[in-house]
$ cat upload-v3.cif   # mmCIF, C-alpha atoms
data_model
loop_
_atom_site.label_atom_id
_atom_site.label_comp_id
_atom_site.auth_asym_id
_atom_site.auth_seq_id
_atom_site.Cartn_x
_atom_site.Cartn_y
_atom_site.Cartn_z
CA MET A 1 -80.75 43.24 -42.90
CA PHE A 2 -77.52 44.69 -41.56
CA LYS A 3 -74.74 45.05 -44.12
CA ILE A 4 -71.08 44.42 -43.30
CA LEU A 5 -69.25 47.52 -44.55
CA GLU A 6 -65.76 46.59 -43.39
CA LYS A 7 -64.07 43.38 -42.29
CA THR A 8 -60.51 43.46 -40.91
CA PRO A 9 -58.54 40.64 -39.27
CA LEU A 10 -56.74 42.06 -36.22
CA ASN A 11 -54.80 38.89 -35.49
CA PRO A 12 -55.19 35.20 -36.45
CA THR A 13 -58.19 34.71 -34.14
CA VAL A 14 -59.76 38.17 -33.81
CA THR A 15 -61.77 40.04 -36.43
CA LYS A 16 -63.19 43.56 -36.58
CA MET A 17 -66.39 44.30 -38.49
CA VAL A 18 -68.15 47.59 -39.15
CA ILE A 19 -71.90 47.07 -39.49
CA HIS A 20 -74.46 49.45 -40.97
CA ALA A 21 -76.98 49.76 -38.13
CA PRO A 22 -78.07 53.42 -37.87
CA LEU A 23 -80.73 52.92 -35.18
CA VAL A 24 -78.26 51.11 -32.93
CA ALA A 25 -75.52 53.67 -33.60
CA LYS A 26 -77.90 56.50 -32.71
CA LYS A 27 -78.27 55.31 -29.10
CA ALA A 28 -75.08 53.30 -28.44
CA GLN A 29 -72.89 54.11 -25.44
CA PRO A 30 -69.63 52.59 -24.13
CA GLY A 31 -70.27 49.45 -22.10
CA GLN A 32 -73.38 48.38 -23.99
CA PHE A 33 -73.71 45.36 -26.27
CA ILE A 34 -75.67 43.97 -29.20
CA ILE A 35 -77.02 40.52 -29.98
CA TYR A 36 -76.55 39.27 -33.52
CA ARG A 37 -77.64 36.31 -35.61
CA ALA A 38 -75.45 35.62 -38.62
CA SER A 39 -78.28 33.77 -40.40
CA GLU A 40 -82.00 33.23 -39.94
CA ASP A 41 -81.43 29.90 -38.18
CA GLY A 42 -78.26 31.03 -36.39
CA GLU A 43 -77.57 31.30 -32.68
CA ARG A 44 -78.19 34.54 -30.79
CA VAL A 45 -74.76 35.81 -29.72
CA PRO A 46 -73.96 38.90 -27.58
CA LEU A 47 -71.00 41.12 -28.50
CA THR A 48 -69.93 44.34 -26.83
CA ILE A 49 -70.03 47.47 -28.95
CA ALA A 50 -66.40 48.31 -29.69
CA ASP A 51 -67.12 51.65 -31.38
CA TYR A 52 -69.87 53.55 -33.14
CA ASP A 53 -70.30 56.45 -35.56
CA ARG A 54 -73.64 58.19 -35.24
CA GLU A 55 -73.22 60.25 -38.42
CA ALA A 56 -72.26 57.26 -40.56
CA GLY A 57 -74.82 55.03 -38.84
CA THR A 58 -72.27 52.31 -38.13
CA VAL A 59 -71.42 50.08 -35.20
CA THR A 60 -68.06 48.31 -34.81
CA ILE A 61 -67.82 44.85 -33.29
CA ILE A 62 -64.66 42.91 -32.50
CA PHE A 63 -64.93 39.19 -31.89
CA GLN A 64 -62.74 36.20 -31.21
CA ILE A 65 -63.27 33.13 -33.39
CA VAL A 66 -63.81 30.50 -30.71
CA GLY A 67 -66.92 28.51 -31.59
CA GLY A 68 -69.46 27.61 -34.22
CA SER A 69 -71.36 30.92 -34.21
CA THR A 70 -68.30 33.15 -34.40
CA MET A 71 -66.93 30.91 -37.16
CA GLU A 72 -70.19 31.42 -39.04
CA LEU A 73 -69.90 35.19 -38.53
CA ASN A 74 -66.28 35.22 -39.66
CA ALA A 75 -67.24 33.34 -42.85
CA LEU A 76 -69.22 36.42 -43.95
CA ASN A 77 -67.49 39.16 -45.95
CA GLU A 78 -67.92 42.82 -46.83
CA GLY A 79 -71.24 43.28 -48.60
CA ASP A 80 -72.90 40.36 -46.82
CA CYS A 81 -75.67 40.98 -44.30
CA LEU A 82 -76.46 39.77 -40.80
CA ALA A 83 -79.95 38.48 -40.14
CA ASP A 84 -80.27 40.31 -36.78
CA PHE A 85 -78.34 43.05 -35.02
CA VAL A 86 -80.29 44.05 -31.90
CA GLY A 87 -79.32 46.78 -29.47
CA PRO A 88 -77.99 48.70 -27.76
CA LEU A 89 -78.57 46.46 -24.75
CA GLY A 90 -77.31 46.64 -21.19
CA THR A 91 -76.53 49.61 -18.98
CA PRO A 92 -73.93 52.13 -20.26
CA SER A 93 -70.75 52.51 -18.24
CA HIS A 94 -70.90 55.29 -15.65
CA LEU A 95 -67.93 57.50 -16.53
CA ASP A 96 -68.96 61.08 -15.76
CA GLY A 97 -67.03 62.90 -13.05
CA LEU A 98 -63.97 60.62 -13.09
CA LYS A 99 -60.67 62.49 -13.08
CA LYS A 100 -58.10 59.68 -13.11
CA VAL A 101 -58.75 56.08 -14.11
CA ALA A 102 -56.71 52.96 -14.81
CA VAL A 103 -58.25 50.89 -17.60
CA VAL A 104 -57.02 47.30 -17.53
CA GLY A 105 -57.70 45.10 -20.55
CA GLY A 106 -56.82 41.50 -21.29
CA GLY A 107 -56.87 39.74 -24.66
CA VAL A 108 -60.00 40.28 -26.73
CA GLY A 109 -61.42 42.10 -23.69
CA CYS A 110 -59.37 45.05 -24.93
CA ALA A 111 -62.05 45.49 -27.58
CA ILE A 112 -64.40 46.38 -24.71
CA ALA A 113 -61.82 48.36 -22.75
CA TYR A 114 -60.93 50.59 -25.70
CA PRO A 115 -64.28 52.44 -26.05
CA ILE A 116 -64.22 53.01 -22.28
CA ALA A 117 -60.73 54.52 -22.45
CA LYS A 118 -61.71 56.57 -25.51
CA LYS A 119 -64.82 58.00 -23.84
CA LEU A 120 -62.91 58.83 -20.64
CA HIS A 121 -60.29 60.64 -22.70
CA GLN A 122 -63.02 62.64 -24.46
CA LEU A 123 -64.43 63.61 -21.07
CA GLY A 124 -61.04 65.04 -20.03
CA CYS A 125 -60.12 62.22 -17.65
CA GLU A 126 -56.48 61.19 -17.17
CA VAL A 127 -56.35 57.66 -18.54
CA HIS A 128 -53.72 55.06 -17.70
CA SER A 129 -54.21 51.95 -19.84
CA ILE A 130 -52.66 48.58 -18.99
CA VAL A 131 -53.32 45.96 -21.65
CA GLY A 132 -52.10 42.39 -21.76
CA PHE A 133 -51.89 39.58 -24.32
CA ARG A 134 -50.36 36.13 -24.49
CA SER A 135 -47.88 37.15 -27.21
CA LYS A 136 -47.04 39.83 -29.77
CA ASP A 137 -49.00 38.04 -32.50
CA LEU A 138 -52.23 38.51 -30.52
CA VAL A 139 -51.89 42.25 -29.80
CA ILE A 140 -54.83 44.36 -30.98
CA LEU A 141 -55.71 48.07 -30.83
CA GLU A 142 -52.32 49.27 -29.62
CA ASP A 143 -52.40 52.47 -31.70
CA GLU A 144 -55.96 53.17 -30.63
CA PHE A 145 -55.02 52.87 -26.95
CA LYS A 146 -52.02 55.13 -27.49
CA ALA A 147 -54.27 57.82 -28.94
CA CYS A 148 -56.54 57.96 -25.88
CA SER A 149 -54.16 57.15 -23.01
CA ASP A 150 -51.95 59.48 -20.99
CA LYS A 151 -49.96 56.40 -20.00
CA LEU A 152 -49.95 53.03 -21.80
CA VAL A 153 -48.36 49.86 -20.46
CA MET A 154 -48.22 46.90 -22.85
CA MET A 155 -47.79 43.43 -21.33
CA THR A 156 -47.30 39.98 -22.87
CA ASP A 157 -47.06 36.65 -21.09
CA ASP A 158 -43.95 35.66 -23.02
CA GLY A 159 -42.30 39.09 -23.20
CA SER A 160 -42.44 39.22 -27.01
CA HIS A 161 -43.92 42.74 -26.88
CA GLY A 162 -43.84 45.38 -24.18
CA GLN A 163 -43.10 44.11 -20.69
CA LYS A 164 -43.16 40.45 -19.69
CA GLY A 165 -45.74 39.45 -17.14
CA VAL A 166 -49.36 39.90 -16.11
CA VAL A 167 -51.34 43.13 -15.93
CA THR A 168 -51.62 43.13 -12.14
CA ALA A 169 -47.87 43.73 -11.74
CA PRO A 170 -47.72 47.22 -13.35
CA LEU A 171 -51.10 48.12 -11.86
CA GLU A 172 -49.88 47.43 -8.34
CA GLU A 173 -46.59 49.21 -9.05
CA LEU A 174 -48.42 52.33 -10.22
CA ILE A 175 -50.64 52.33 -7.12
CA GLN A 176 -47.64 51.83 -4.83
CA ASN A 177 -45.86 54.70 -6.59
CA GLY A 178 -48.62 57.09 -5.61
CA GLU A 179 -51.07 57.04 -8.51
CA ASN A 180 -54.41 57.81 -6.86
CA TYR A 181 -57.07 56.42 -9.15
CA ASP A 182 -60.72 57.34 -8.75
CA GLU A 183 -61.49 53.95 -10.23
CA VAL A 184 -59.93 50.94 -11.91
CA ILE A 185 -61.93 49.45 -14.79
CA ALA A 186 -60.96 45.87 -15.65
CA ILE A 187 -62.18 43.97 -18.71
CA GLY A 188 -60.90 40.61 -19.87
CA PRO A 189 -60.82 36.93 -18.90
CA LEU A 190 -62.57 36.14 -15.63
CA VAL A 191 -59.37 35.00 -13.94
CA MET A 192 -57.63 38.25 -14.92
CA MET A 193 -60.46 40.39 -13.55
CA LYS A 194 -60.50 38.33 -10.35
CA PHE A 195 -56.83 39.01 -9.65
CA VAL A 196 -57.11 42.67 -10.61
CA CYS A 197 -59.85 42.95 -7.99
CA LEU A 198 -57.78 41.11 -5.39
CA THR A 199 -54.96 43.57 -6.07
CA THR A 200 -57.04 46.75 -5.85
CA LYS A 201 -58.95 45.57 -2.80
CA LYS A 202 -55.72 45.69 -0.79
CA TYR A 203 -55.47 49.41 -1.51
CA GLY A 204 -59.15 50.27 -1.27
CA VAL A 205 -59.43 51.33 -4.91
CA LYS A 206 -62.92 51.16 -6.41
CA THR A 207 -62.93 48.60 -9.21
CA THR A 208 -65.51 47.98 -11.91
CA VAL A 209 -65.53 44.84 -14.06
CA SER A 210 -67.44 44.02 -17.24
CA MET A 211 -69.10 40.61 -17.01
CA ASN A 212 -69.99 38.76 -20.20
CA PRO A 213 -71.47 35.36 -19.34
CA ILE A 214 -73.60 33.28 -21.70
CA MET A 215 -76.67 35.27 -22.77
CA ILE A 216 -79.73 34.17 -24.74
CA ASP A 217 -82.50 36.77 -24.92
CA GLY A 218 -80.67 39.83 -23.56
CA THR A 219 -83.73 41.00 -21.61
CA GLY A 220 -83.33 39.19 -18.28
CA MET A 221 -86.08 36.66 -19.05
CA CYS A 222 -83.99 33.51 -19.54
CA GLY A 223 -81.68 33.84 -16.54
CA GLY A 224 -78.73 32.38 -18.43
CA CYS A 225 -76.45 35.29 -17.60
CA ARG A 226 -77.06 35.24 -13.85
CA LEU A 227 -74.24 36.14 -11.50
CA THR A 228 -73.83 36.43 -7.76
CA VAL A 229 -72.85 39.97 -6.78
CA GLY A 230 -72.68 40.89 -3.11
CA GLY A 231 -74.60 37.75 -2.24
CA GLU A 232 -77.48 38.68 -4.57
CA THR A 233 -78.45 37.27 -7.96
CA LYS A 234 -77.93 39.73 -10.81
CA PHE A 235 -78.42 39.42 -14.56
CA ALA A 236 -75.56 40.72 -16.68
CA CYS A 237 -77.79 41.64 -19.62
CA VAL A 238 -80.00 44.09 -17.71
CA ASP A 239 -78.21 44.82 -14.41
CA GLY A 240 -74.81 45.06 -16.09
CA PRO A 241 -72.56 44.26 -17.74
CA ASP A 242 -70.63 46.51 -15.32
CA PHE A 243 -70.46 45.50 -11.65
CA ASP A 244 -68.48 46.28 -8.52
CA GLY A 245 -65.60 43.83 -8.94
CA HIS A 246 -65.06 43.47 -5.20
CA LEU A 247 -68.55 42.00 -4.86
CA VAL A 248 -68.56 39.57 -7.81
CA ASP A 249 -68.32 35.84 -7.09
CA PHE A 250 -65.73 35.07 -9.78
CA ASP A 251 -65.28 31.42 -8.79
CA GLU A 252 -68.97 30.74 -9.39
CA ALA A 253 -68.86 32.62 -12.70
CA MET A 254 -65.85 30.62 -13.90
CA HIS A 255 -67.50 27.36 -12.89
CA ARG A 256 -70.69 28.20 -14.76
CA GLY A 257 -68.75 29.29 -17.86
CA ALA A 258 -66.85 26.01 -17.95
CA MET A 259 -70.12 24.06 -18.11
CA TYR A 260 -70.54 24.91 -21.80
CA ARG A 261 -67.10 23.89 -23.08
CA ASP A 262 -68.18 20.49 -24.43
CA PHE A 263 -71.20 22.00 -26.19
CA GLU A 264 -69.01 24.72 -27.74
CA ALA A 265 -66.47 22.18 -28.93
CA HIS A 266 -69.25 20.20 -30.62
CA ALA A 267 -70.66 23.36 -32.25
CA ARG A 268 -67.19 24.31 -33.46
CA GLU A 269 -66.63 20.89 -34.99
CA THR A 270 -70.05 20.94 -36.68
CA SER A 271 -69.41 24.42 -38.09
CA CYS A 272 -65.99 23.37 -39.39
CA ASN A 273 -67.57 20.43 -41.21
CA LEU A 274 -70.29 22.61 -42.75
CA LEU A 275 -67.82 25.25 -43.90
CA HIS A 276 -65.56 22.55 -45.35
CA LYS A 277 -68.49 21.13 -47.36
CA GLU A 278 -69.37 24.59 -48.67
CA VAL A 279 -65.80 25.16 -49.85
CA LYS A 280 -65.77 21.80 -51.64
#
$ encode --input "upload-v3.cif" --output "structure tokens"
Amino acid sequence: MFKILEKTPLNPTVTKMVIHAPLVAKKAQPGQFIIYRASEDGERVPLTIADYDREAGTVTIIFQIVGGSTMELNALNEGDCLADFVGPLGTPSHLDGLKKVAVVGGGVGCAIAYPIAKKLHQLGCEVHSIVGFRSKDLVILEDEFKACSDKLVMMTDDGSHGQKGVVTAPLEELIQNGENYDEVIAIGPLVMMKFVCLTTKKYGVKTTVSMNPIMIDGTGMCGGCRLTVGGETKFACVDGPDFDGHLVDFDEAMHRGAMYRDFEAHARETSCNLLHKEVK
């Protein structure tokens, strides 16, 4: 069993948990993920590793409460245990040798972007972080990004914090002003990553995206996480989650992701009813 050592709400819909998982922490690298089950009969859910401490034997996960399984996870508290916590899975991000990188994060995707920015900073890379949220109330990890970024640009859709607008605007401005990035790393909603890639493609800047489609087994056997990259079928769980953003078929990925909305809404409603009964 994997004990929850810390549980911290980062905003009304996003929670951070620190899990005691020494074997996972021993091998974890930025860009990799785990698959958890909150209970013995729970759903297998992938979450990117947000941080890890090899000495303490802990792994940090940050998740958005959007459906039945994340509601079940969020109902657990410090001292409770997860039934499964499998990993690290996926291919680590390739960060060695980079001298100057723009890390672009959107929403809860910033939980994935942060360990990338942190690792790049530790490697001596110049890091420019551009992170965006819908509003001030949803901002997460601002202090953490400040600590590992040579330049930090905060964006909100409504202008309630930082600059008003979308992340592609400051990214394009920085490129036009002469910032020569070895690579742009974009992590967030599919539509955000799509437009980041459309922006960087105009300037010939290499762009890597982190793809997180529906996964089931995490070993490439089920095919649920398949993507089209450069006209070829890839599996995010074993071939990724990082891919060349200029080759990803984002429209197909968004269409496939939308197929599960009705099922997720039903699972969320069922979980709400179960939790309500438990409280009563």
$ closest_residue --input "upload-v3.cif" --among "A:Glu78, A:Ile35, A:Thr58, A:Ala83" --to "Phe2 in chain A" --atoms "all atoms listed in the file"
A:Ala83
$ atom_distance --input "upload-v3.cif" --atom1 "CA of Val18 in chain A" --atom2 "CA of Tyr114 in chain A"
15.6 Å
$ atom_distance --input "upload-v3.cif" --atom1 "CA of His121 in chain A" --atom2 "CA of Gln176 in chain A"
23.6 Å
$ residues_around --input "upload-v3.cif" --residues "range 13-17 of chain A" --least-positions-apart "6" --cutoff "9 Å" --atoms "all atoms listed in the file" --output "NGL selection string"
:A and (4-7 or 50 or 59-66 or 74 or 78 or 108 or 138 or 140)
$ residues_around --input "upload-v3.cif" --residues "Gly106 in chain A" --least-positions-apart "5" --cutoff "10 Å" --atoms "all atoms listed in the file" --output "VMD selection string"
chain A and resid 111 to 113 130 to 134 139 155 to 156 166 to 167 186 to 190 192 to 193
$ residues_around --input "upload-v3.cif" --residues "Ala169 in chain A" --least-positions-apart "3" --cutoff "10 Å" --atoms "all atoms listed in the file" --output "VMD selection string"
chain A and resid 130 155 164 to 166 172 to 174 196 199
$ closest_residue --input "upload-v3.cif" --among "A:Gly79, A:Gly68, A:Gly87, A:Pro170" --to "Lys26 in chain A" --atoms "all atoms listed in the file"
A:Gly87
$ atom_distance --input "upload-v3.cif" --atom1 "CA of Lys27 in chain A" --atom2 "CA of Met211 in chain A"
21.1 Å
$ closest_residue --input "upload-v3.cif" --among "A:Gly109, A:Tyr52, A:Asp182, A:Val104" --to "Thr168 in chain A" --atoms "all atoms listed in the file"
A:Val104
$ residues_near_point --input "upload-v3.cif" --point "(-55.1, 51.7, -28.9)" --cutoff "10 Å" --atoms "all atoms listed in the file" --output "list in words"
Cys110, Ala111, Ala113, Tyr114, Pro115, Ala117, Lys118, Ser129, Val131, Ile140, Leu141, Glu142, Asp143, Glu144, Phe145, Lys146, Ala147, Cys148, Ser149 and Leu152 of chain A
$ closest_residue --input "upload-v3.cif" --among "A:Gly178, A:Ser135, A:Leu23, A:His94" --to "Gly159 in chain A" --atoms "only C-alpha atoms"
A:Ser135
$ decode --input "upload-v3.cif" --residues "range 141-161 of chain A" --atoms "C-alpha atoms" --output "compact mmCIF listing (two decimals), in the first residue's frame"
# COMPACT_ATOMS: atom_id res chain seq x y z
CA LEU A 141 3.05 26.66 -8.70
CA GLU A 142 3.90 30.31 -9.36
CA ASP A 143 6.61 30.43 -6.67
CA GLU A 144 8.06 27.14 -7.86
CA PHE A 145 8.33 28.44 -11.43
CA LYS A 146 9.95 31.65 -10.19
CA ALA A 147 12.62 29.64 -8.41
CA CYS A 148 13.71 27.77 -11.55
CA SER A 149 13.10 30.32 -14.32
CA ASP A 150 15.39 33.05 -15.63
CA LYS A 151 12.28 34.69 -17.06
CA LEU A 152 8.68 34.03 -16.00
CA VAL A 153 5.61 35.31 -17.83
CA MET A 154 2.26 34.77 -16.11
CA MET A 155 -0.88 34.89 -18.27
CA THR A 156 -4.59 34.73 -17.44
CA ASP A 157 -7.51 34.70 -19.85
CA ASP A 158 -9.33 37.40 -17.91
CA GLY A 159 -6.31 39.48 -16.89
CA SER A 160 -6.89 38.93 -13.16
CA HIS A 161 -3.22 37.98 -12.68
